[in-house]
>>> print(open('my_file_8.cif').read())   # mmCIF, C-alpha atoms
data_input
#
loop_
_atom_site.label_atom_id
_atom_site.label_comp_id
_atom_site.auth_asym_id
_atom_site.auth_seq_id
_atom_site.Cartn_x
_atom_site.Cartn_y
_atom_site.Cartn_z
CA MET A 15 85.37 117.77 106.65
CA PRO A 16 87.10 119.07 103.50
CA LYS A 17 85.18 119.97 100.35
CA GLN A 18 83.46 116.97 98.76
CA LEU A 19 85.45 115.45 95.90
CA THR A 20 83.44 115.09 92.68
CA TYR A 21 83.86 113.13 89.47
CA GLN A 22 84.67 116.38 87.63
CA ASP A 23 87.64 117.00 89.96
CA ILE A 24 89.30 113.79 88.80
CA THR A 25 92.10 113.59 86.24
CA VAL A 26 93.95 110.43 85.29
CA GLY A 27 97.36 110.40 86.95
CA MET A 28 96.16 112.48 89.90
CA GLU A 29 97.59 111.42 93.26
CA ILE A 30 95.52 110.51 96.28
CA PRO A 31 96.72 112.35 99.42
CA SER A 32 99.05 109.93 101.24
CA LEU A 33 98.29 108.47 104.64
CA VAL A 34 101.24 107.80 106.92
CA LYS A 35 100.86 105.24 109.70
CA GLU A 36 103.40 104.89 112.48
CA THR A 37 103.64 101.32 113.74
CA SER A 38 104.37 100.15 117.28
CA PRO A 39 103.93 97.06 119.47
CA ARG A 40 101.00 98.83 121.16
CA MET A 41 99.28 99.37 117.82
CA SER A 42 99.86 95.73 116.97
CA ALA A 43 98.28 94.68 120.27
CA GLU A 44 95.30 96.95 119.63
CA TRP A 45 94.84 95.42 116.20
CA ALA A 46 95.00 91.91 117.65
CA GLY A 47 92.21 92.85 120.07
CA ALA A 48 90.12 94.55 117.39
CA SER A 49 90.50 91.85 114.75
CA GLY A 50 90.77 88.71 116.87
CA ASP A 51 94.00 87.72 115.07
CA TYR A 52 96.46 87.04 117.90
CA ASP A 53 99.20 85.45 115.80
CA PRO A 54 102.41 86.33 117.74
CA ILE A 55 104.33 87.10 114.54
CA HIS A 56 102.67 90.51 114.74
CA TYR A 57 103.95 91.46 118.21
CA ASP A 58 106.61 88.96 119.36
CA LYS A 59 109.94 89.67 117.66
CA GLU A 60 111.67 86.46 118.81
CA TYR A 61 108.78 84.31 117.68
CA ALA A 62 108.68 86.14 114.33
CA ILE A 63 112.40 85.54 113.80
CA LYS A 64 111.91 81.81 114.42
CA ARG A 65 109.21 81.94 111.79
CA ARG A 66 111.78 83.26 109.28
CA PHE A 67 110.68 86.89 109.48
CA SER A 68 113.31 89.55 110.20
CA SER A 69 111.21 90.99 113.05
CA ALA A 70 107.57 91.32 114.18
CA VAL A 71 105.54 92.19 111.10
CA VAL A 72 102.54 94.45 110.52
CA ASN A 73 99.34 92.42 110.07
CA GLY A 74 98.31 92.28 106.41
CA ARG A 75 94.67 92.91 107.22
CA LEU A 76 95.65 96.08 109.07
CA LYS A 77 97.34 97.27 105.88
CA VAL A 78 94.11 96.51 104.00
CA ALA A 79 92.20 98.57 106.60
CA TRP A 80 94.66 101.45 106.12
CA LEU A 81 94.34 101.29 102.33
CA ILE A 82 90.57 101.45 102.80
CA GLN A 83 91.02 104.49 105.05
CA LEU A 84 93.21 106.08 102.34
CA MET A 85 90.22 105.76 100.00
CA THR A 86 87.39 106.71 102.39
CA ASN A 87 89.32 109.81 103.55
CA TRP A 88 89.76 110.86 99.93
CA ILE A 89 86.22 110.20 98.60
CA GLY A 90 84.47 111.95 101.49
CA ASP A 91 80.95 111.41 102.80
CA ASP A 92 79.30 111.32 99.35
CA GLY A 93 81.76 108.93 97.74
CA VAL A 94 81.32 105.17 97.89
CA LEU A 95 84.09 102.60 98.06
CA LYS A 96 83.02 99.88 95.64
CA LYS A 97 86.05 97.59 95.46
CA VAL A 98 89.42 97.31 97.12
CA GLY A 99 92.16 94.72 97.10
CA CYS A 100 95.88 94.21 97.47
CA GLN A 101 98.57 91.56 97.44
CA HIS A 102 100.96 91.20 100.33
CA ARG A 103 104.28 91.12 98.51
CA ARG A 104 106.63 92.21 101.31
CA THR A 105 106.37 92.42 105.05
CA ASP A 106 106.42 95.72 106.95
CA ILE A 107 108.35 95.68 110.21
CA ILE A 108 106.81 96.97 113.45
CA GLY A 109 108.60 100.25 114.15
CA ASP A 110 108.80 101.32 110.51
CA PRO A 111 106.16 103.76 109.26
CA VAL A 112 103.82 102.50 106.53
CA THR A 113 102.75 105.03 103.91
CA CYS A 114 99.55 104.43 101.96
CA LYS A 115 99.53 105.95 98.50
CA GLY A 116 97.41 105.93 95.39
CA VAL A 117 97.01 107.30 91.90
CA VAL A 118 94.01 107.54 89.55
CA VAL A 119 94.28 105.26 86.53
CA LYS A 120 90.84 105.54 84.91
CA LYS A 121 87.56 107.48 85.12
CA TYR A 122 84.39 106.26 83.39
CA ILE A 123 80.62 106.10 83.59
CA ASP A 124 79.04 102.67 83.81
CA ASN A 125 75.40 101.89 84.46
CA GLY A 126 74.86 105.51 85.54
CA GLU A 127 77.66 105.37 88.10
CA HIS A 128 80.61 107.76 87.95
CA LEU A 129 83.53 105.44 88.62
CA VAL A 130 87.20 105.99 89.30
CA ASP A 131 89.79 103.20 89.27
CA CYS A 132 92.94 103.70 91.29
CA GLU A 133 96.20 101.94 91.86
CA ILE A 134 96.93 101.89 95.56
CA TRP A 135 99.78 100.54 97.65
CA THR A 136 101.55 100.61 100.98
CA GLU A 137 105.16 101.73 100.94
CA ASN A 138 108.03 101.13 103.36
CA PRO A 139 110.71 103.73 104.30
CA ARG A 140 112.92 102.42 101.45
CA GLY A 141 110.23 103.33 98.94
CA GLU A 142 109.32 99.70 98.19
CA LYS A 143 105.69 98.84 97.50
CA THR A 144 104.83 96.25 100.13
CA ALA A 145 101.13 95.73 99.34
CA PRO A 146 100.20 96.86 95.81
CA GLY A 147 96.54 96.82 94.92
CA THR A 148 93.60 98.48 93.25
CA ALA A 149 90.43 100.29 94.29
CA THR A 150 87.27 101.45 92.53
CA VAL A 151 85.14 104.25 93.91
CA ILE A 152 81.88 105.92 92.95
CA LEU A 153 81.96 109.72 93.13
CA PRO A 154 79.13 112.23 92.97
CA ALA A 155 78.87 114.21 89.72
CA LYS A 156 78.26 117.94 89.82
CA MET B 26 113.27 67.69 105.37
CA ALA B 27 111.23 67.07 102.27
CA ASP B 28 110.36 70.31 100.58
CA GLU B 29 107.69 68.94 98.29
CA VAL B 30 104.07 69.74 98.98
CA VAL B 31 101.74 67.10 97.71
CA ILE B 32 98.12 67.93 97.13
CA THR B 33 96.27 64.77 98.02
CA GLU B 34 92.95 63.62 96.66
CA GLU B 35 91.40 64.33 100.06
CA MET B 36 92.65 67.91 99.96
CA ARG B 37 91.22 68.33 96.46
CA LYS B 38 87.87 67.02 97.64
CA ALA B 39 87.71 69.82 100.21
CA VAL B 40 87.68 72.43 97.43
CA GLY B 41 84.20 73.92 97.27
CA SER B 42 83.50 73.23 100.93
CA LEU B 43 81.86 75.67 103.25
CA MET B 44 84.47 76.29 105.95
CA ASN B 45 82.42 78.15 108.51
CA ILE B 46 79.50 80.46 109.05
CA CYS B 47 79.51 83.08 111.73
CA ILE B 48 76.69 85.30 112.81
CA THR B 49 77.74 88.52 114.47
CA LYS B 50 75.85 91.51 115.77
CA ILE B 51 78.03 94.52 115.04
CA GLU B 52 78.63 96.08 118.43
CA ARG B 53 79.58 99.74 118.69
CA SER B 54 82.28 98.79 121.20
CA LYS B 55 83.95 96.65 118.52
CA ILE B 56 83.81 99.58 116.08
CA ASN B 57 85.47 101.74 118.73
CA MET B 58 88.25 99.17 119.07
CA PHE B 59 88.67 99.08 115.30
CA VAL B 60 88.89 102.88 115.13
CA GLN B 61 91.42 102.95 117.97
CA ALA B 62 93.60 100.26 116.35
CA THR B 63 93.55 101.73 112.83
CA GLY B 64 93.56 105.41 113.79
CA ASP B 65 90.69 105.88 111.32
CA ALA B 66 88.75 108.62 113.08
CA ASN B 67 86.24 109.32 110.27
CA PRO B 68 83.15 110.82 111.98
CA LEU B 69 80.93 108.67 109.73
CA TRP B 70 81.88 105.65 111.82
CA GLN B 71 81.12 107.00 115.29
CA ASP B 72 79.57 110.48 115.37
CA GLU B 73 75.81 109.94 115.11
CA GLU B 74 74.96 113.64 115.05
CA TYR B 75 77.46 114.30 112.26
CA ALA B 76 76.50 111.22 110.24
CA ARG B 77 72.77 112.05 110.39
CA LYS B 78 73.47 115.15 108.27
CA THR B 79 75.19 113.13 105.53
CA GLY B 80 73.64 111.05 102.76
CA TYR B 81 73.94 108.00 105.03
CA ARG B 82 71.57 109.57 107.62
CA GLY B 83 73.39 107.81 110.42
CA THR B 84 76.67 106.12 111.29
CA VAL B 85 77.96 103.32 109.12
CA VAL B 86 80.36 100.49 109.85
CA PRO B 87 83.82 101.18 108.37
CA PRO B 88 84.31 98.91 105.32
CA GLY B 89 87.65 97.84 106.78
CA TYR B 90 85.83 96.33 109.74
CA LEU B 91 84.23 93.75 107.45
CA VAL B 92 87.68 92.70 106.29
CA THR B 93 88.52 91.73 109.88
CA MET B 94 85.25 89.86 110.41
CA GLN B 95 86.25 86.86 108.35
CA MET B 96 88.86 86.10 110.98
CA GLU B 97 86.05 85.25 113.39
CA GLY B 98 84.56 81.81 113.81
CA GLU B 99 86.09 78.37 113.95
CA SER B 100 86.87 76.07 111.06
CA PRO B 101 85.15 72.70 111.29
CA GLY B 102 88.52 71.04 110.71
CA PHE B 103 87.48 68.58 108.03
CA TYR B 104 90.20 69.73 105.72
CA MET B 105 92.73 71.24 108.10
CA PRO B 106 94.22 67.89 109.27
CA TYR B 107 95.74 67.38 105.82
CA MET B 108 97.58 70.67 106.20
CA LEU B 109 99.35 69.88 109.43
CA SER B 110 102.65 68.98 107.77
CA LEU B 111 102.76 72.52 106.47
CA LYS B 112 103.70 74.95 109.19
CA GLY B 113 102.40 78.48 109.18
CA ALA B 114 99.92 80.29 106.98
CA ILE B 115 100.72 83.63 105.39
CA ASP B 116 98.10 86.10 104.20
CA ALA B 117 98.81 86.68 100.51
CA GLY B 118 96.15 89.36 100.08
CA GLY B 119 92.67 89.59 98.67
CA ASP B 120 89.90 91.61 97.09
CA TRP B 121 86.71 92.91 98.63
CA GLU B 122 83.57 94.36 97.09
CA PHE B 123 81.01 96.42 98.99
CA PHE B 124 77.39 96.54 97.88
CA LYS B 125 75.42 98.19 100.69
CA PRO B 126 76.27 100.18 103.80
CA VAL B 127 76.41 98.22 107.04
CA ARG B 128 75.10 99.85 110.23
CA PRO B 129 76.08 99.41 113.85
CA ASP B 130 73.79 96.78 115.44
CA ASP B 131 73.24 95.03 112.09
CA ILE B 132 73.45 91.26 112.28
CA ILE B 133 75.93 90.03 109.71
CA VAL B 134 76.13 86.45 108.57
CA VAL B 135 79.55 85.67 107.15
CA ASP B 136 80.09 82.44 105.30
CA ARG B 137 83.51 81.33 104.20
CA LYS B 138 84.11 78.88 101.38
CA PHE B 139 87.31 77.13 100.44
CA VAL B 140 87.33 77.64 96.66
CA ASN B 141 90.73 76.73 95.27
CA LEU B 142 94.00 75.02 96.08
CA TYR B 143 97.21 75.06 94.07
CA GLU B 144 100.97 74.75 94.36
CA LYS B 145 103.54 77.32 93.34
CA LYS B 146 107.33 77.47 93.54
CA GLY B 147 108.53 80.71 95.12
CA SER B 148 111.17 82.32 97.27
CA LEU B 149 109.91 80.34 100.27
CA GLY B 150 110.18 76.99 98.45
CA THR B 151 107.10 75.07 97.39
CA MET B 152 104.04 76.93 98.51
CA LEU B 153 100.50 75.70 98.87
CA LEU B 154 97.98 78.41 98.09
CA ASN B 155 94.49 78.24 99.56
CA VAL B 156 91.81 80.51 98.15
CA PHE B 157 88.74 81.45 100.17
CA GLU B 158 85.58 83.36 99.40
CA THR B 159 83.48 85.16 101.94
CA THR B 160 79.94 86.45 101.57
CA TYR B 161 78.48 88.92 104.06
CA ARG B 162 74.71 89.14 104.42
CA ASN B 163 72.66 91.33 106.74
CA GLN B 164 69.56 90.54 108.80
CA ARG B 165 67.39 91.26 105.75
CA GLY B 166 69.24 88.66 103.69
CA GLU B 167 70.88 91.32 101.52
CA THR B 168 74.43 90.63 100.35
CA VAL B 169 76.35 93.62 101.69
CA ALA B 170 79.90 92.58 100.74
CA LYS B 171 82.03 89.83 99.27
CA GLY B 172 85.67 88.95 99.71
CA ARG B 173 88.14 86.61 98.04
CA TRP B 174 91.56 86.06 99.51
CA THR B 175 94.52 83.71 99.47
CA THR B 176 96.69 82.23 102.18
CA ILE B 177 100.03 80.55 101.58
CA ARG B 178 101.28 77.56 103.53
CA VAL B 179 104.95 76.67 103.44
CA LEU B 180 107.21 74.14 105.11
CA ALA B 181 108.84 75.96 108.02
CA PRO B 182 110.93 74.90 111.01
CA GLU B 183 109.09 73.61 114.04
CA VAL B 184 108.09 76.35 116.46
CA LYS B 185 106.79 76.15 120.00
CA ASP B 186 104.50 78.50 121.86
CA TYR B 187 105.11 80.02 125.31
CA GLU B 188 104.19 76.79 127.06
CA GLY B 189 106.49 74.73 124.89
CA ARG B 190 103.69 73.20 122.85
CA LYS B 191 104.39 72.49 119.23
CA ILE B 192 102.61 74.90 116.91
CA ASP B 193 101.23 73.47 113.69
#
>>> encode(input="my_file_8.cif", output="structure tokens")
Amino acid sequence: MPKQLTYQDITVGMEIPSLVKETSPRMSAEWAGASGDYDPIHYDKEYAIKRRFSSAVVNGRLKVAWLIQLMTNWIGDDGVLKKVGCQHRRTDIIGDPVTCKGVVVKKYIDNGEHLVDCEIWTENPRGEKTAPGTATVILPAK
Amino acid sequence: MADEVVITEEMRKAVGSLMNICITKIERSKINMFVQATGDANPLWQDEEYARKTGYRGTVVPPGYLVTMQMEGESPGFYMPYMLSLKGAIDAGGDWEFFKPVRPDDIIVVDRKFVNLYEKKGSLGTMLLNVFETTYRNQRGETVAKGRWTTIRVLAPEVKDYEGRKID
């Protein structure tokens, strides 16, 4: 594991190391099994097209799980993910990579907790934010 | 095809209803499936020896796993019949808050409430937005997490499944 991130390491505007996820029908099938959401729009292209999507689309909850991984990878074992959320604004197509990104927008101490607010999002290969959101983490202080 | 969504009095009455409660023991095998599907190989989720040396003193359930848990369980159906003219639900996103670590083998009680309903005009036509809230409690009755998310229902062409049955 890399060196533990601390509150003192944080500056506003700092970028969170990106997380790139390749997507495939197999991955979609694995997610269906893991989550119990077997909606065919996530693995059946023809069905998805009938449903007005351009192709099979990445499950929104999987994108939430990836955004959470973006945060838990970054904050390390001694950081705590307090809040996370996003809005599904655009679909991501199975076959296109999804890149999870984030940037620090605020650091503050509240009720003895060293908190960091971040803007986070998933991005498609055209650089469009497909699921913009926010996260708040608690970091250890030196 | 009419493209107006009408929120009926019956639909309004469903706001505030408890949709379902599901009680789940968090199995390690399910965590393994989650890790495989997400590619999130953090040793805190699976490596007991590693996790024991951290502040958690043992493996914890990935927070993202809780986000999937609200998909489990059946709706009682007392409000769904009014939605049948609206084909297809789309996940519009949500927010989750985590209060305490969850451990493998914990028993988590998830209750899901239907908390709001409203109409909005958008790129898909008239949309009906359903807002849900989920509370996760452990076997000690502690609230470990909360979620609030929205689904969108729109009027869409009729679709059939593999066996030719109409899908609502």
>>> residues_around(input="my_file_8.cif", residues="Lys97 in chain A", least_positions_apart="3", cutoff="10 Å", atoms="only C-alpha atoms", output="count of residues only")
16
>>> closest_atom_pairs(input="my_file_8.cif", of="chain B", to="chain A", cutoff="7 Å", atoms="all atoms listed in the file", output="CSV")
residue,atom,partner,partner_atom,distance
B:Lys55,CA,A:Ala48,CA,6.6
B:Met58,CA,A:Ala48,CA,5.3
B:Phe59,CA,A:Ala48,CA,5.2
B:Ala62,CA,A:Glu44,CA,5.0
B:Thr63,CA,A:Trp80,CA,6.8
B:Asp65,CA,A:Gln83,CA,6.4
B:Thr79,CA,A:Asp91,CA,6.6
B:Gly80,CA,A:Asp92,CA,6.6
B:Gly89,CA,A:Ala79,CA,4.6
B:Thr93,CA,A:Ser49,CA,5.3
B:Met96,CA,A:Gly50,CA,6.7
B:Glu97,CA,A:Gly50,CA,6.8
B:Asp116,CA,A:Gly74,CA,6.6
B:Ala117,CA,A:His102,CA,5.0
B:Gly118,CA,A:Gln101,CA,4.2
B:Gly119,CA,A:Gly99,CA,5.4
B:Asp120,CA,A:Gly99,CA,3.8
B:Trp121,CA,A:Val98,CA,5.4
B:Glu122,CA,A:Lys97,CA,4.4
B:Phe123,CA,A:Lys96,CA,5.2
B:Phe124,CA,A:Lys96,CA,6.9
B:Val184,CA,A:Lys64,CA,7.0
>>> residues_around(input="my_file_8.cif", residues="Arg165 in chain B", least_positions_apart="6", cutoff="12 Å", atoms="only C-alpha atoms", output="ChimeraX atom specification")
/B:125,127,131-134
>>> resolve_selection(input="my_file_8.cif", expression="the PyMOL selection byres ((chain B and resi 67-71) around 7)", output="short mmCIF file (atom, residue, chain, number, x, y, z; two decimals) with C-alpha atoms, keeping the file's coordinate frame")
data_model
loop_
_atom_site.label_atom_id
_atom_site.label_comp_id
_atom_site.auth_asym_id
_atom_site.auth_seq_id
_atom_site.Cartn_x
_atom_site.Cartn_y
_atom_site.Cartn_z
CA ASP B 65 90.69 105.88 111.32
CA ALA B 66 88.75 108.62 113.08
CA ASP B 72 79.57 110.48 115.37
CA GLU B 73 75.81 109.94 115.11
CA TYR B 75 77.46 114.30 112.26
CA ALA B 76 76.50 111.22 110.24
CA THR B 84 76.67 106.12 111.29
CA VAL B 85 77.96 103.32 109.12
CA VAL B 86 80.36 100.49 109.85
CA PRO B 87 83.82 101.18 108.37
#
>>> closest_residue(input="my_file_8.cif", among="A:Leu153, A:Ile108, A:Cys114, A:Val26", to="Leu129 in chain A", atoms="only C-alpha atoms")
A:Leu153
>>> atom_distance(input="my_file_8.cif", atom1="CA of Ser54 in chain B", atom2="CA of Met94 in chain B")
14.3 Å
>>> decode(input="my_file_8.cif", residues="range 46-97 of chain B", atoms="C-alpha atoms", output="PDB file, in the first residue's frame")
ATOM      1  CA  ILE B  46     -37.386  -4.453   3.869  1.00  0.00           C
ATOM      2  CA  CYS B  47     -34.707  -6.990   3.224  1.00  0.00           C
ATOM      3  CA  ILE B  48     -32.533  -8.758   5.720  1.00  0.00           C
ATOM      4  CA  THR B  49     -29.250 -10.026   4.365  1.00  0.00           C
ATOM      5  CA  LYS B  50     -26.282 -11.735   5.931  1.00  0.00           C
ATOM      6  CA  ILE B  51     -23.228 -10.403   4.112  1.00  0.00           C
ATOM      7  CA  GLU B  52     -21.581 -13.485   2.677  1.00  0.00           C
ATOM      8  CA  ARG B  53     -17.887 -13.425   1.803  1.00  0.00           C
ATOM      9  CA  SER B  54     -18.717 -15.133  -1.490  1.00  0.00           C
ATOM     10  CA  LYS B  55     -20.870 -12.136  -2.453  1.00  0.00           C
ATOM     11  CA  ILE B  56     -18.005  -9.785  -1.572  1.00  0.00           C
ATOM     12  CA  ASN B  57     -15.740 -11.859  -3.814  1.00  0.00           C
ATOM     13  CA  MET B  58     -18.234 -11.479  -6.663  1.00  0.00           C
ATOM     14  CA  PHE B  59     -18.397  -7.734  -6.062  1.00  0.00           C
ATOM     15  CA  VAL B  60     -14.593  -7.454  -6.110  1.00  0.00           C
ATOM     16  CA  GLN B  61     -14.397  -9.509  -9.309  1.00  0.00           C
ATOM     17  CA  ALA B  62     -17.065  -7.410 -11.050  1.00  0.00           C
ATOM     18  CA  THR B  63     -15.684  -4.013 -10.025  1.00  0.00           C
ATOM     19  CA  GLY B  64     -11.981  -4.876 -10.176  1.00  0.00           C
ATOM     20  CA  ASP B  65     -11.642  -3.256  -6.737  1.00  0.00           C
ATOM     21  CA  ALA B  66      -8.909  -5.425  -5.254  1.00  0.00           C
ATOM     22  CA  ASN B  67      -8.340  -3.389  -2.064  1.00  0.00           C
ATOM     23  CA  PRO B  68      -6.876  -5.841   0.502  1.00  0.00           C
ATOM     24  CA  LEU B  69      -9.135  -4.295   3.178  1.00  0.00           C
ATOM     25  CA  TRP B  70     -12.082  -6.101   1.604  1.00  0.00           C
ATOM     26  CA  GLN B  71     -10.674  -9.628   1.459  1.00  0.00           C
ATOM     27  CA  ASP B  72      -7.232 -10.067   3.036  1.00  0.00           C
ATOM     28  CA  GLU B  73      -7.878 -10.828   6.707  1.00  0.00           C
ATOM     29  CA  GLU B  74      -4.203 -10.940   7.657  1.00  0.00           C
ATOM     30  CA  TYR B  75      -3.536  -7.575   6.010  1.00  0.00           C
ATOM     31  CA  ALA B  76      -6.693  -5.937   7.385  1.00  0.00           C
ATOM     32  CA  ARG B  77      -5.951  -7.062  10.959  1.00  0.00           C
ATOM     33  CA  LYS B  78      -2.888  -4.792  10.952  1.00  0.00           C
ATOM     34  CA  THR B  79      -4.917  -1.719   9.966  1.00  0.00           C
ATOM     35  CA  GLY B  80      -7.105   0.502  12.132  1.00  0.00           C
ATOM     36  CA  TYR B  81     -10.094  -1.646  11.142  1.00  0.00           C
ATOM     37  CA  ARG B  82      -8.528  -4.752  12.780  1.00  0.00           C
ATOM     38  CA  GLY B  83     -10.172  -6.996  10.224  1.00  0.00           C
ATOM     39  CA  THR B  84     -11.755  -6.982   6.782  1.00  0.00           C
ATOM     40  CA  VAL B  85     -14.574  -4.586   6.035  1.00  0.00           C
ATOM     41  CA  VAL B  86     -17.325  -4.684   3.438  1.00  0.00           C
ATOM     42  CA  PRO B  87     -16.578  -2.323   0.521  1.00  0.00           C
ATOM     43  CA  PRO B  88     -18.905   0.707   0.802  1.00  0.00           C
ATOM     44  CA  GLY B  89     -19.854   0.183  -2.835  1.00  0.00           C
ATOM     45  CA  TYR B  90     -21.339  -3.177  -1.928  1.00  0.00           C
ATOM     46  CA  LEU B  91     -24.016  -1.439   0.146  1.00  0.00           C
ATOM     47  CA  VAL B  92     -25.002   0.586  -2.894  1.00  0.00           C
ATOM     48  CA  THR B  93     -25.869  -2.670  -4.696  1.00  0.00           C
ATOM     49  CA  MET B  94     -27.810  -4.079  -1.746  1.00  0.00           C
ATOM     50  CA  GLN B  95     -30.825  -1.878  -2.249  1.00  0.00           C
ATOM     51  CA  MET B  96     -31.465  -3.722  -5.489  1.00  0.00           C
ATOM     52  CA  GLU B  97     -32.324  -6.805  -3.455  1.00  0.00           C
TER      53      GLU B  97
END
